[in-house]
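J.: Please find coords-v8.txt (compact mmCIF, C-alpha atoms and all ligand atoms) on the next line:
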# COMPACT_ATOMS: atom_id res chain seq x y z
CA SER W 1 -44.14 -3.02 20.74
CA PRO W 2 -42.05 0.14 20.63
CA TYR W 3 -38.57 -0.20 22.14
CA SER W 4 -37.53 1.90 25.06
CA ALA W 5 -34.00 1.43 26.40
CA ALA W 6 -33.46 0.26 29.98
CA ASP W 7 -33.07 3.22 32.33
CA ASN W 8 -30.24 1.52 34.24
CA ARG W 9 -28.20 0.73 31.12
CA TYR W 10 -25.14 2.66 32.27
CA GLU W 11 -24.89 0.90 35.62
CA THR W 12 -23.44 -2.47 34.55
CA ILE W 13 -20.42 -2.03 32.31
CA PRO W 14 -17.26 -0.12 33.05
CA TYR W 15 -16.06 2.05 30.16
CA ARG W 16 -12.45 2.37 29.15
CA ARG W 17 -10.61 5.11 27.30
CA SER W 18 -9.31 4.16 23.85
CA GLY W 19 -5.59 4.92 23.96
CA ARG W 20 -4.87 8.64 24.29
CA SER W 21 -8.10 9.68 22.56
CA GLY W 22 -11.17 11.22 24.16
CA LEU W 23 -13.41 8.23 23.39
CA ASP W 24 -14.59 5.70 25.95
CA LEU W 25 -15.76 2.25 24.89
CA PRO W 26 -17.64 -0.32 26.93
CA SER W 27 -15.21 -2.93 28.24
CA ILE W 28 -17.32 -5.48 26.35
CA SER W 29 -18.44 -4.61 22.82
CA PHE W 30 -20.64 -6.54 20.41
CA GLY W 31 -19.85 -7.71 16.88
CA LEU W 32 -22.15 -8.89 14.10
CA TRP W 33 -19.78 -11.18 12.22
CA GLN W 34 -21.74 -14.43 12.49
CA LYS W 35 -25.48 -15.21 12.61
CA PHE W 36 -26.48 -11.63 11.76
CA GLY W 37 -27.07 -12.19 8.06
CA THR W 38 -30.00 -13.90 6.39
CA ASP W 39 -29.04 -17.15 8.17
CA TYR W 40 -30.75 -16.44 11.47
CA PRO W 41 -34.21 -15.08 12.38
CA PHE W 42 -34.41 -11.29 12.37
CA ALA W 43 -36.54 -11.31 15.53
CA THR W 44 -33.71 -13.06 17.43
CA GLN W 45 -31.05 -10.79 15.97
CA ARG W 46 -33.07 -7.73 16.96
CA GLU W 47 -33.64 -9.09 20.47
CA ILE W 48 -29.88 -9.67 20.96
CA ILE W 49 -28.90 -6.20 19.70
CA LEU W 50 -31.48 -4.44 21.89
CA HIS W 51 -30.57 -6.55 24.90
CA ALA W 52 -26.93 -5.62 24.41
CA PHE W 53 -27.82 -1.93 24.40
CA ASP W 54 -29.97 -2.37 27.51
CA LEU W 55 -26.91 -3.84 29.23
CA GLY W 56 -24.79 -0.81 28.38
CA ILE W 57 -23.07 -2.17 25.29
CA THR W 58 -22.94 1.01 23.29
CA HIS W 59 -20.47 -0.23 20.71
CA PHE W 60 -21.59 -2.38 17.76
CA ASP W 61 -18.96 -3.60 15.34
CA ASN W 62 -19.75 -4.38 11.73
CA ALA W 63 -18.07 -4.74 8.35
CA ASP W 64 -19.10 -4.65 4.71
CA ARG W 65 -18.23 -8.36 4.62
CA TYR W 66 -20.41 -9.62 7.45
CA GLY W 67 -23.41 -11.74 6.59
CA PRO W 68 -24.03 -14.10 4.95
CA PRO W 69 -24.23 -12.86 2.29
CA HIS W 70 -21.72 -10.01 2.38
CA ARG W 71 -23.37 -6.75 3.50
CA ALA W 72 -26.34 -8.50 5.10
CA ALA W 73 -25.27 -7.86 8.72
CA GLN W 74 -25.28 -4.11 8.10
CA LEU W 75 -28.79 -4.33 6.64
CA THR W 76 -29.82 -6.24 9.77
CA PHE W 77 -28.33 -3.58 12.02
CA GLY W 78 -29.79 -0.83 9.84
CA ALA W 79 -33.26 -2.32 10.27
CA VAL W 80 -32.90 -2.30 14.06
CA LEU W 81 -31.45 1.21 13.97
CA SER W 82 -34.36 2.64 12.00
CA LYS W 83 -36.99 0.69 13.92
CA ASP W 84 -35.71 0.92 17.48
CA LEU W 85 -32.37 2.61 18.07
CA ALA W 86 -32.70 5.81 16.01
CA PRO W 87 -33.61 7.89 19.09
CA TYR W 88 -30.35 6.69 20.67
CA ARG W 89 -27.98 7.33 17.75
CA ASP W 90 -25.97 9.83 19.83
CA GLU W 91 -25.33 7.08 22.40
CA LEU W 92 -24.08 4.52 19.89
CA ILE W 93 -20.58 3.83 18.65
CA LEU W 94 -21.06 2.15 15.27
CA SER W 95 -18.07 0.85 13.39
CA THR W 96 -17.61 -0.62 9.96
CA LYS W 97 -14.65 -1.89 7.98
CA ALA W 98 -13.52 -2.15 4.40
CA GLY W 99 -10.70 -3.79 2.53
CA ASN W 100 -11.30 -7.51 2.89
CA PRO W 101 -12.61 -8.95 -0.38
CA ILE W 102 -16.37 -8.81 -0.86
CA GLY W 103 -16.42 -9.65 -4.53
CA ALA W 104 -14.36 -10.42 -7.60
CA SER W 105 -13.91 -6.78 -8.60
CA PRO W 106 -10.52 -5.18 -7.89
CA TYR W 107 -12.46 -2.27 -6.36
CA LEU W 108 -14.17 -4.51 -3.78
CA ARG W 109 -10.96 -5.26 -1.88
CA GLY W 110 -7.76 -3.72 -0.58
CA GLY W 111 -6.66 -0.38 0.77
CA SER W 112 -7.08 1.83 -2.28
CA ARG W 113 -9.04 5.08 -2.05
CA LYS W 114 -11.53 3.59 -4.52
CA SER W 115 -12.15 0.53 -2.37
CA LEU W 116 -12.34 2.28 0.99
CA VAL W 117 -14.49 5.27 0.05
CA GLY W 118 -16.82 3.20 -2.14
CA SER W 119 -17.32 0.63 0.60
CA LEU W 120 -18.00 3.23 3.28
CA GLU W 121 -20.62 5.02 1.12
CA HIS W 122 -22.38 1.71 0.58
CA SER W 123 -22.17 0.80 4.28
CA LEU W 124 -23.69 4.13 5.31
CA ARG W 125 -26.66 3.41 3.02
CA ASP W 126 -27.02 -0.12 4.40
CA LEU W 127 -26.80 1.05 8.01
CA GLY W 128 -29.12 3.95 7.35
CA THR W 129 -26.92 6.52 9.04
CA ASP W 130 -25.00 9.61 7.87
CA TYR W 131 -21.79 8.66 9.66
CA VAL W 132 -20.07 5.81 11.41
CA ASP W 133 -18.18 6.44 14.61
CA ILE W 134 -15.19 4.31 13.64
CA PHE W 135 -14.10 3.40 10.11
CA TYR W 136 -11.49 0.68 9.79
CA HIS W 137 -9.12 -0.57 7.18
CA HIS W 138 -9.90 -4.26 7.72
CA SER W 139 -6.50 -5.77 6.96
CA PRO W 140 -3.13 -4.63 5.66
CA ASP W 141 -2.65 -4.25 1.92
CA LEU W 142 1.05 -4.38 1.18
CA GLU W 143 0.52 -3.59 -2.50
CA THR W 144 -1.08 -0.20 -1.92
CA PRO W 145 1.00 2.74 -0.67
CA LEU W 146 0.12 3.45 2.95
CA GLU W 147 -0.17 7.13 1.97
CA GLU W 148 -3.14 6.34 -0.27
CA THR W 149 -4.92 4.41 2.48
CA VAL W 150 -4.18 7.21 4.94
CA GLY W 151 -5.45 9.81 2.48
CA ALA W 152 -8.77 7.99 2.14
CA LEU W 153 -9.15 7.55 5.92
CA VAL W 154 -8.34 11.20 6.58
CA ASP W 155 -10.76 12.42 3.92
CA VAL W 156 -13.74 10.43 5.20
CA VAL W 157 -13.16 11.97 8.62
CA ARG W 158 -12.87 15.49 7.17
CA GLN W 159 -16.09 14.87 5.22
CA GLY W 160 -17.90 13.80 8.39
CA LYS W 161 -18.59 10.27 7.18
CA ALA W 162 -16.53 8.85 10.07
CA LEU W 163 -15.61 10.37 13.41
CA TYR W 164 -12.54 8.22 14.04
CA VAL W 165 -10.39 5.76 12.11
CA GLY W 166 -8.98 2.38 12.99
CA ILE W 167 -6.98 -0.46 11.52
CA SER W 168 -7.30 -4.18 11.92
CA ASN W 169 -4.92 -7.12 11.62
CA TYR W 170 -1.89 -4.86 11.00
CA ARG W 171 1.48 -6.00 12.27
CA PRO W 172 3.10 -3.69 14.85
CA ASP W 173 5.63 -2.08 12.48
CA ARG W 174 3.00 -1.14 9.93
CA ALA W 175 0.59 -0.09 12.68
CA HIS W 176 3.28 2.28 13.97
CA GLU W 177 3.89 3.59 10.47
CA ILE W 178 0.22 4.36 9.80
CA ALA W 179 -0.17 5.85 13.30
CA GLU W 180 2.64 8.31 12.49
CA LEU W 181 1.16 9.22 9.10
CA LEU W 182 -2.32 9.74 10.56
CA ARG W 183 -0.94 11.83 13.41
CA GLY W 184 0.80 13.99 10.85
CA GLU W 185 -2.58 14.64 9.19
CA GLY W 186 -4.24 15.55 12.49
CA VAL W 187 -6.46 12.46 12.44
CA PRO W 188 -4.93 10.25 15.13
CA LEU W 189 -5.36 6.49 14.92
CA LEU W 190 -8.10 5.66 17.44
CA ILE W 191 -7.80 1.92 17.70
CA HIS W 192 -6.40 -1.35 16.42
CA GLN W 193 -8.69 -4.38 16.14
CA THR W 194 -6.82 -7.62 16.63
CA ARG W 195 -7.39 -11.23 17.65
CA TYR W 196 -6.42 -12.03 21.23
CA SER W 197 -7.40 -14.72 23.67
CA ILE W 198 -5.92 -17.32 26.03
CA TYR W 199 -5.57 -19.43 22.89
CA ASP W 200 -4.04 -16.70 20.74
CA ARG W 201 -1.22 -14.68 22.28
CA GLY W 202 -0.31 -12.89 19.05
CA PRO W 203 -0.58 -9.29 20.30
CA GLU W 204 1.66 -10.02 23.31
CA GLN W 205 4.26 -11.91 21.34
CA SER W 206 4.42 -9.56 18.37
CA GLY W 207 4.80 -6.47 20.56
CA LEU W 208 1.54 -4.98 19.32
CA LEU W 209 0.37 -4.14 22.83
CA ASP W 210 3.63 -2.26 23.46
CA THR W 211 3.28 -0.38 20.17
CA ALA W 212 -0.27 0.58 21.17
CA SER W 213 0.93 2.14 24.43
CA ALA W 214 3.81 3.93 22.75
CA ASP W 215 1.70 5.30 19.89
CA GLY W 216 -1.33 6.02 22.05
CA PHE W 217 -3.94 4.00 20.19
CA GLY W 218 -6.45 1.67 21.84
CA VAL W 219 -6.80 -2.06 21.22
CA ILE W 220 -10.10 -3.84 20.76
CA VAL W 221 -9.70 -7.59 20.77
CA TYR W 222 -11.83 -9.91 18.69
CA SER W 223 -12.71 -13.54 19.33
CA PRO W 224 -11.73 -13.31 23.03
CA LEU W 225 -13.68 -16.56 23.48
CA ALA W 226 -11.81 -18.09 20.52
CA GLN W 227 -15.20 -18.22 18.72
CA GLY W 228 -16.70 -20.28 21.54
CA LEU W 229 -13.73 -22.63 22.08
CA LEU W 230 -13.05 -20.84 25.37
CA THR W 231 -16.41 -21.85 26.83
CA ASP W 232 -17.42 -25.17 28.29
CA LYS W 233 -19.78 -25.97 25.40
CA TYR W 234 -17.38 -28.16 23.39
CA LEU W 235 -15.99 -30.21 26.30
CA GLU W 236 -18.31 -33.15 25.73
CA THR W 237 -19.92 -32.71 22.34
CA ILE W 238 -20.40 -30.26 19.52
CA PRO W 239 -23.85 -28.94 20.33
CA GLU W 240 -26.54 -28.60 17.67
CA GLY W 241 -26.54 -25.09 16.20
CA ALA W 242 -23.10 -24.17 17.62
CA ARG W 243 -20.66 -22.28 15.40
CA ALA W 244 -18.31 -25.27 15.03
CA ARG W 245 -21.16 -27.06 13.26
CA ASN W 246 -22.07 -24.48 10.70
CA SER W 247 -19.33 -21.94 10.10
CA ALA W 248 -16.60 -21.92 7.48
CA PHE W 249 -14.41 -20.15 10.04
CA LEU W 250 -14.48 -22.73 12.83
CA SER W 251 -13.75 -26.30 11.82
CA PRO W 252 -14.98 -29.12 14.11
CA GLU W 253 -11.53 -30.66 13.55
CA VAL W 254 -9.94 -28.29 16.07
CA ILE W 255 -12.04 -29.97 18.76
CA ASP W 256 -9.68 -32.89 19.33
CA ASP W 257 -8.25 -34.58 22.44
CA THR W 258 -5.53 -31.98 22.93
CA TYR W 259 -8.15 -29.24 22.77
CA ARG W 260 -10.38 -31.07 25.27
CA GLN W 261 -7.53 -31.63 27.73
CA ARG W 262 -6.36 -28.01 27.69
CA THR W 263 -9.86 -26.67 27.87
CA ALA W 264 -10.87 -28.99 30.72
CA ALA W 265 -7.82 -27.79 32.68
CA LEU W 266 -8.77 -24.14 32.11
CA ASN W 267 -12.37 -24.96 32.99
CA LYS W 268 -11.17 -26.28 36.36
CA ILE W 269 -9.39 -23.00 37.10
CA ALA W 270 -12.62 -21.15 36.29
CA GLU W 271 -14.62 -23.50 38.53
CA SER W 272 -12.23 -22.91 41.40
CA ARG W 273 -13.11 -19.20 41.08
CA GLY W 274 -16.82 -19.97 41.02
CA GLN W 275 -17.18 -18.81 37.45
CA SER W 276 -17.39 -20.22 33.93
CA LEU W 277 -14.57 -20.55 31.43
CA ALA W 278 -16.19 -17.89 29.20
CA GLN W 279 -16.14 -15.44 32.09
CA LEU W 280 -12.52 -16.28 32.94
CA ALA W 281 -11.49 -15.85 29.29
CA LEU W 282 -13.03 -12.37 29.14
CA GLN W 283 -11.42 -11.27 32.39
CA TRP W 284 -8.13 -12.59 31.07
CA VAL W 285 -8.02 -10.32 27.99
CA LEU W 286 -9.25 -7.34 30.00
CA ARG W 287 -6.44 -7.73 32.55
CA ARG W 288 -4.16 -5.86 30.13
CA PRO W 289 -4.44 -2.09 30.42
CA GLU W 290 -3.67 -1.71 26.71
CA VAL W 291 -6.93 -3.52 25.90
CA THR W 292 -9.80 -1.06 25.57
CA SER W 293 -12.58 -3.54 24.91
CA ALA W 294 -13.30 -7.24 24.43
CA LEU W 295 -15.31 -7.64 21.23
CA ILE W 296 -17.63 -10.61 21.55
CA GLY W 297 -20.32 -12.31 19.52
CA ALA W 298 -23.42 -14.02 20.86
CA SER W 299 -26.23 -16.06 19.39
CA SER W 300 -28.66 -15.54 22.28
CA THR W 301 -29.46 -12.99 24.97
CA GLY W 302 -28.59 -15.67 27.55
CA GLN W 303 -24.99 -15.78 26.28
CA LEU W 304 -24.79 -12.00 26.63
CA ASP W 305 -26.03 -12.03 30.22
CA HIS W 306 -23.66 -14.86 31.05
CA ASN W 307 -20.65 -13.16 29.47
CA LEU W 308 -21.28 -9.76 31.00
CA ALA W 309 -21.35 -11.33 34.45
CA ALA W 310 -17.58 -11.74 33.93
CA LEU W 311 -17.23 -8.10 34.93
CA SER W 312 -18.39 -8.70 38.49
CA PHE W 313 -15.69 -11.20 39.53
CA PRO W 314 -12.50 -10.28 41.40
CA ALA W 315 -9.37 -9.81 39.28
CA LEU W 316 -7.28 -12.86 38.41
CA THR W 317 -4.45 -13.44 40.89
CA GLU W 318 -0.79 -13.93 39.95
CA GLU W 319 -1.18 -17.61 40.87
CA GLU W 320 -4.21 -18.06 38.65
CA LEU W 321 -2.50 -16.28 35.79
CA ALA W 322 0.48 -18.62 36.10
CA LEU W 323 -1.83 -21.64 36.02
CA ILE W 324 -3.58 -20.30 32.92
CA GLU W 325 -0.18 -19.79 31.35
CA GLU W 326 0.64 -23.43 31.98
CA HIS W 327 -2.51 -24.73 30.27
CA GLY W 328 -3.29 -22.05 27.72
CA VAL W 329 -0.08 -21.96 25.73
CA HIS W 330 0.39 -24.34 22.82
P1 LIG H 401 -16.15 -14.68 20.41
O1 LIG H 401 -14.83 -15.31 20.62
O2 LIG H 401 -16.77 -13.90 21.52
O3 LIG H 401 -17.16 -15.84 19.97
C1 LIG H 401 -18.55 -15.61 20.04
C2 LIG H 401 -19.32 -16.89 19.81
O4 LIG H 401 -19.06 -17.85 20.83
C3 LIG H 401 -20.80 -16.62 19.89
O5 LIG H 401 -21.30 -16.12 18.69
C4 LIG H 401 -21.35 -17.97 20.28
O6 LIG H 401 -21.39 -18.80 19.11
C5 LIG H 401 -20.28 -18.46 21.24
N1 LIG H 401 -20.53 -18.04 22.62
C6 LIG H 401 -20.47 -16.79 23.14
N2 LIG H 401 -20.75 -16.79 24.45
C7 LIG H 401 -20.97 -18.05 24.80
C8 LIG H 401 -21.29 -18.68 26.02
N3 LIG H 401 -21.42 -17.98 27.15
N4 LIG H 401 -21.45 -20.02 26.03
C9 LIG H 401 -21.31 -20.74 24.90
N5 LIG H 401 -21.02 -20.20 23.70
C10 LIG H 401 -20.84 -18.87 23.65
O7 LIG H 401 -16.07 -13.64 19.24
P2 LIG H 401 -16.32 -13.74 17.64
O8 LIG H 401 -15.41 -14.72 17.03
O9 LIG H 401 -17.79 -13.87 17.42
O10 LIG H 401 -15.87 -12.30 17.19
C11 LIG H 401 -16.50 -11.17 17.78
C12 LIG H 401 -16.50 -10.01 16.85
O11 LIG H 401 -15.16 -9.63 16.54
C13 LIG H 401 -17.13 -10.25 15.47
O12 LIG H 401 -18.53 -10.19 15.50
C14 LIG H 401 -16.52 -9.13 14.69
O13 LIG H 401 -17.20 -7.93 14.99
C15 LIG H 401 -15.11 -9.07 15.24
N6 LIG H 401 -14.15 -9.81 14.40
C16 LIG H 401 -13.25 -9.08 13.67
C17 LIG H 401 -12.35 -9.67 12.82
C18 LIG H 401 -11.38 -8.83 12.08
O14 LIG H 401 -10.69 -9.33 11.18
N7 LIG H 401 -11.27 -7.56 12.39
C19 LIG H 401 -12.32 -11.15 12.65
C20 LIG H 401 -13.27 -11.84 13.51
C21 LIG H 401 -14.14 -11.18 14.35
P3 LIG H 401 -22.47 -19.96 18.84
O15 LIG H 401 -23.53 -19.88 19.91
O16 LIG H 401 -22.98 -19.66 17.49
O17 LIG H 401 -21.66 -21.22 18.90
So that I can check it, write out the structure of this file as structure tokens.
Ligand code: NDP
T.:
Amino acid sequence: SPYSAADNRYETIPYRRSGRSGLDLPSISFGLWQKFGTDYPFATQREIILHAFDLGITHFDNADRYGPPHRAAQLTFGAVLSKDLAPYRDELILSTKAGNPIGASPYLRGGSRKSLVGSLEHSLRDLGTDYVDIFYHHSPDLETPLEETVGALVDVVRQGKALYVGISNYRPDRAHEIAELLRGEGVPLLIHQTRYSIYDRGPEQSGLLDTASADGFGVIVYSPLAQGLLTDKYLETIPEGARARNSAFLSPEVIDDTYRQRTAALNKIAESRGQSLAQLALQWVLRRPEVTSALIGASSTGQLDHNLAALSFPALTEEELALIEEHGVH
């Protein structure tokens, strides 16, 4: 049946401004890293994407790499875009990334102009759109002059193939450096995509969040649920079909006694607030004003509903934050 978006889709999610730009993002965004390739039924993938949009998730994050195989997740999204979401293109913030290896060729990796522009052209074809809203350099490439990467990012914006540019996985000093170069070209850095969760304090410890405020770029944080480790699903077992059973990126070995103890303690704090650990974990990353959006994955519409309910709980108190600190740090 033809898709028609929910009329109340802008009533659930608060939007946040990305740094000192003009762009608002939903406080929870959706990424297609896992289970959006040829490994999962298209009907389920489509249902999840459309449900996300119905809930007010306007931002969908992708990359040339996502699948499996590489590039498949963009074909999946492209199919939903052409079938269902095309009438809503103006309401969507689509992102893609380039620079992480997607093949043996030297042109299918890194921050060269050849790699970035070639990847974006291919991604636009796969997504079936003339432009992406955000184009990212996926991870730092210390062997390519930053000026070349900047030149490519600036040109795709000037050509209308991307509206904004971002970086991902850059350390604060290099993030600052590229922010300055981009500012100088009149194409300010919109956002930095980085991993952040109760179980990964990197952006706090490295000073990245401070750099973001100073340079005026937003921060979108990936794996805020630590790929599912910050839910209650692994407390007793490793459920059938869960990521820790079938992903190269989440080894079942991390689910040991130490993990179970820490996670059970955090789960208790969540229970005392009348919420789930997943919901607490999302509120925790969003407590920082530097964080524009929490970028989650989901393998069912039920997970999405559950996770979005995080937004309706009262803010974490100083006491609760201190307790989380006690249990969440390695
Ligand atoms: P999360 O930490 O949100 O993990 C999401 C996964 O956790 C789901 O796919 C699901 O896995 C499980 N899950 C989610 N909600 C629940 C719930 N309520 N109960 C139980 N299990 C749940 O984020 P991801 O690691 O998926 O990363 C999100 C996005 O971030 C990616 O899609 C990608 O766009 C981006 N990213 C960017 C990177 C970069 O280098 N720039 C690197 C990694 C991610 P399942 O049900 O399959 O177990």
J.: Within 6 Å of ligand LIG 401 (chain H), which residues show up when you count all atoms listed in the file? List them as a list in words, please.
T.: Gly31, Leu32, Trp33, Asp61, Asn62, His138, Ser168, Gln193, Tyr222, Ser223, Pro224, Leu225, Ala226, Gln227, Gly228, Thr231, Lys233, Ala242, Arg243, Ala278, Leu295, Ile296, Gly297, Ala298, Ser299, Gln303, His306 and Asn307 of chain W
J.: So, with all atoms listed in the file as the atoms that count, which of W:Arg113, W:Arg245, W:Arg158, W:Lys97 lies closest to His137 in chain W?
T.: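 Comparing W:Arg113, W:Arg245, W:Arg158, W:Lys97 against His137 in chain W, the winner is W:Lys97.
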J.: So which one's closest to Pro87 in chain W, W:Ala162, W:Ala212, W:Ala5, W:Val117? Using all atoms listed in the file, please.
T.: W:Ala5
J.: Need the shell around Asp215 in chain W: protein/DNA/RNA residues with any atom at most 9 Å away, counting only C-alpha atoms. Skip same-chain ones fewer than 3 positions apart. Format as a list of chain:residue names?
T.: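 Listing them by chain and then by number gives W:Gly19, W:Arg20, W:His176, W:Ala179, W:Glu180, W:Leu189, W:Asp210, W:Thr211, W:Ala212.
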J.: Output C-alpha atoms for every residue in the selection just made, as a PDB file, in the frame of the given file.
T.:
ATOM      1  CA  GLY W  19      -5.590   4.920  23.960  1.00  0.00           C
ATOM      2  CA  ARG W  20      -4.870   8.640  24.290  1.00  0.00           C
ATOM      3  CA  HIS W 176       3.280   2.280  13.970  1.00  0.00           C
ATOM      4  CA  ALA W 179      -0.170   5.850  13.300  1.00  0.00           C
ATOM      5  CA  GLU W 180       2.640   8.310  12.490  1.00  0.00           C
ATOM      6  CA  LEU W 189      -5.360   6.490  14.920  1.00  0.00           C
ATOM      7  CA  ASP W 210       3.630  -2.260  23.460  1.00  0.00           C
ATOM      8  CA  THR W 211       3.280  -0.380  20.170  1.00  0.00           C
ATOM      9  CA  ALA W 212      -0.270   0.580  21.170  1.00  0.00           C
TER      10      ALA W 212
END
J.: With all atoms listed in the file counted, which protein, DNA or RNA residues have an atom no more than 7 Å from (-32.7, -5.7, 12.6) in the file frame? Please answer as number ranges by chain.
T.: W: 42, 45-46, 76-80
J.: Grab the CA of Val291 in chain W to CA of Gly160 in chain W distance for me, in Å with one decimal place.
T.: 27.0 Å
J.: Can you list, as a PDB file with C-alpha atoms, keeping the file's coordinate frame, every protein, DNA or RNA residue that comes within 8 Å of Phe60 in chain W when you count all atoms listed in the file, leaving out same-chain residues fewer than 6 positions away?
T.:
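Saved to out_21.pdb:
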ATOM      1  CA  SER W  29     -18.440  -4.610  22.820  1.00  0.00           C
ATOM      2  CA  PHE W  30     -20.640  -6.540  20.410  1.00  0.00           C
ATOM      3  CA  GLY W  31     -19.850  -7.710  16.880  1.00  0.00           C
ATOM      4  CA  LEU W  32     -22.150  -8.890  14.100  1.00  0.00           C
ATOM      5  CA  LEU W  92     -24.080   4.520  19.890  1.00  0.00           C
ATOM      6  CA  ILE W  93     -20.580   3.830  18.650  1.00  0.00           C
ATOM      7  CA  LEU W  94     -21.060   2.150  15.270  1.00  0.00           C
ATOM      8  CA  SER W  95     -18.070   0.850  13.390  1.00  0.00           C
TER       9      SER W  95
END
J.: Neighbours of Gln275 in chain W within 10 Å (all atoms listed in the file; same-chain residues fewer than 6 positions away dropped), as a VMD selection string?
T.: chain W and resid 267 to 269 306 309 to 310 313
J.: Would you pick out the contacts of Ala270 in chain W at 6 Å or less, using all atoms listed in the file, so that residues sharing its chain but fewer than 6 positions from it are not included, and give the list as JSON, numbers by chain?
T.: {"W": [276, 277, 280]}
J.: Counting only C-alpha atoms, what is within 10 Å of Ser312 in chain W, bar same-chain residues fewer than 6 positions away, as a PyMOL selection string?
T.: chain W and resi 12-13+279+283
J.: Would you output that residue set with C-alpha atoms, as a PDB file, in the coordinates of the input?
T.:
ATOM      1  CA  THR W  12     -23.440  -2.470  34.550  1.00  0.00           C
ATOM      2  CA  ILE W  13     -20.420  -2.030  32.310  1.00  0.00           C
ATOM      3  CA  GLN W 279     -16.140 -15.440  32.090  1.00  0.00           C
ATOM      4  CA  GLN W 283     -11.420 -11.270  32.390  1.00  0.00           C
TER       5      GLN W 283
END
J.: Suppose you want the space between CA of Arg71 in chain W and CA of Asp126 in chain W; what is it in Å?
T.: 7.6 Å
J.: In Å, how far is it from CA of Asp232 in chain W to CA of Tyr15 in chain W?
T.: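 Rounded to one decimal, the two atoms are 27.3 Å apart.
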J.: With all atoms listed in the file as the atoms that count, which of W:Pro14, W:Pro172, W:Gly103, W:Gly151 lies nearest to Ile57 in chain W?
T.: W:Pro14
J.: Using only C-alpha atoms - which residues lie no farther than 12 Å from the point (-0.9, -10.0, 21.5) in the file's frame? Write them as a compact mmCIF listing (two decimals) with C-alpha atoms, in the coordinates of the input.
T.:
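Result saved to out04.txt:
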# COMPACT_ATOMS: atom_id res chain seq x y z
CA ASN W 169 -4.92 -7.12 11.62
CA TYR W 170 -1.89 -4.86 11.00
CA ARG W 171 1.48 -6.00 12.27
CA PRO W 172 3.10 -3.69 14.85
CA HIS W 192 -6.40 -1.35 16.42
CA GLN W 193 -8.69 -4.38 16.14
CA THR W 194 -6.82 -7.62 16.63
CA ARG W 195 -7.39 -11.23 17.65
CA TYR W 196 -6.42 -12.03 21.23
CA SER W 197 -7.40 -14.72 23.67
CA ILE W 198 -5.92 -17.32 26.03
CA TYR W 199 -5.57 -19.43 22.89
CA ASP W 200 -4.04 -16.70 20.74
CA ARG W 201 -1.22 -14.68 22.28
CA GLY W 202 -0.31 -12.89 19.05
CA PRO W 203 -0.58 -9.29 20.30
CA GLU W 204 1.66 -10.02 23.31
CA GLN W 205 4.26 -11.91 21.34
CA SER W 206 4.42 -9.56 18.37
CA GLY W 207 4.80 -6.47 20.56
CA LEU W 208 1.54 -4.98 19.32
CA LEU W 209 0.37 -4.14 22.83
CA ASP W 210 3.63 -2.26 23.46
CA THR W 211 3.28 -0.38 20.17
CA ALA W 212 -0.27 0.58 21.17
CA VAL W 219 -6.80 -2.06 21.22
CA ILE W 220 -10.10 -3.84 20.76
CA VAL W 221 -9.70 -7.59 20.77
CA TYR W 222 -11.83 -9.91 18.69
CA PRO W 224 -11.73 -13.31 23.03
CA VAL W 285 -8.02 -10.32 27.99
CA ARG W 288 -4.16 -5.86 30.13
CA GLU W 290 -3.67 -1.71 26.71
CA VAL W 291 -6.93 -3.52 25.90
J.: Pick out the closest residue to Leu81 in chain W from this set: W:Phe135, W:Tyr3, W:Tyr66, W:Tyr107. Count all atoms listed in the file.
T.: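 Closest to Leu81 in chain W, using all atoms listed in the file: W:Tyr3.
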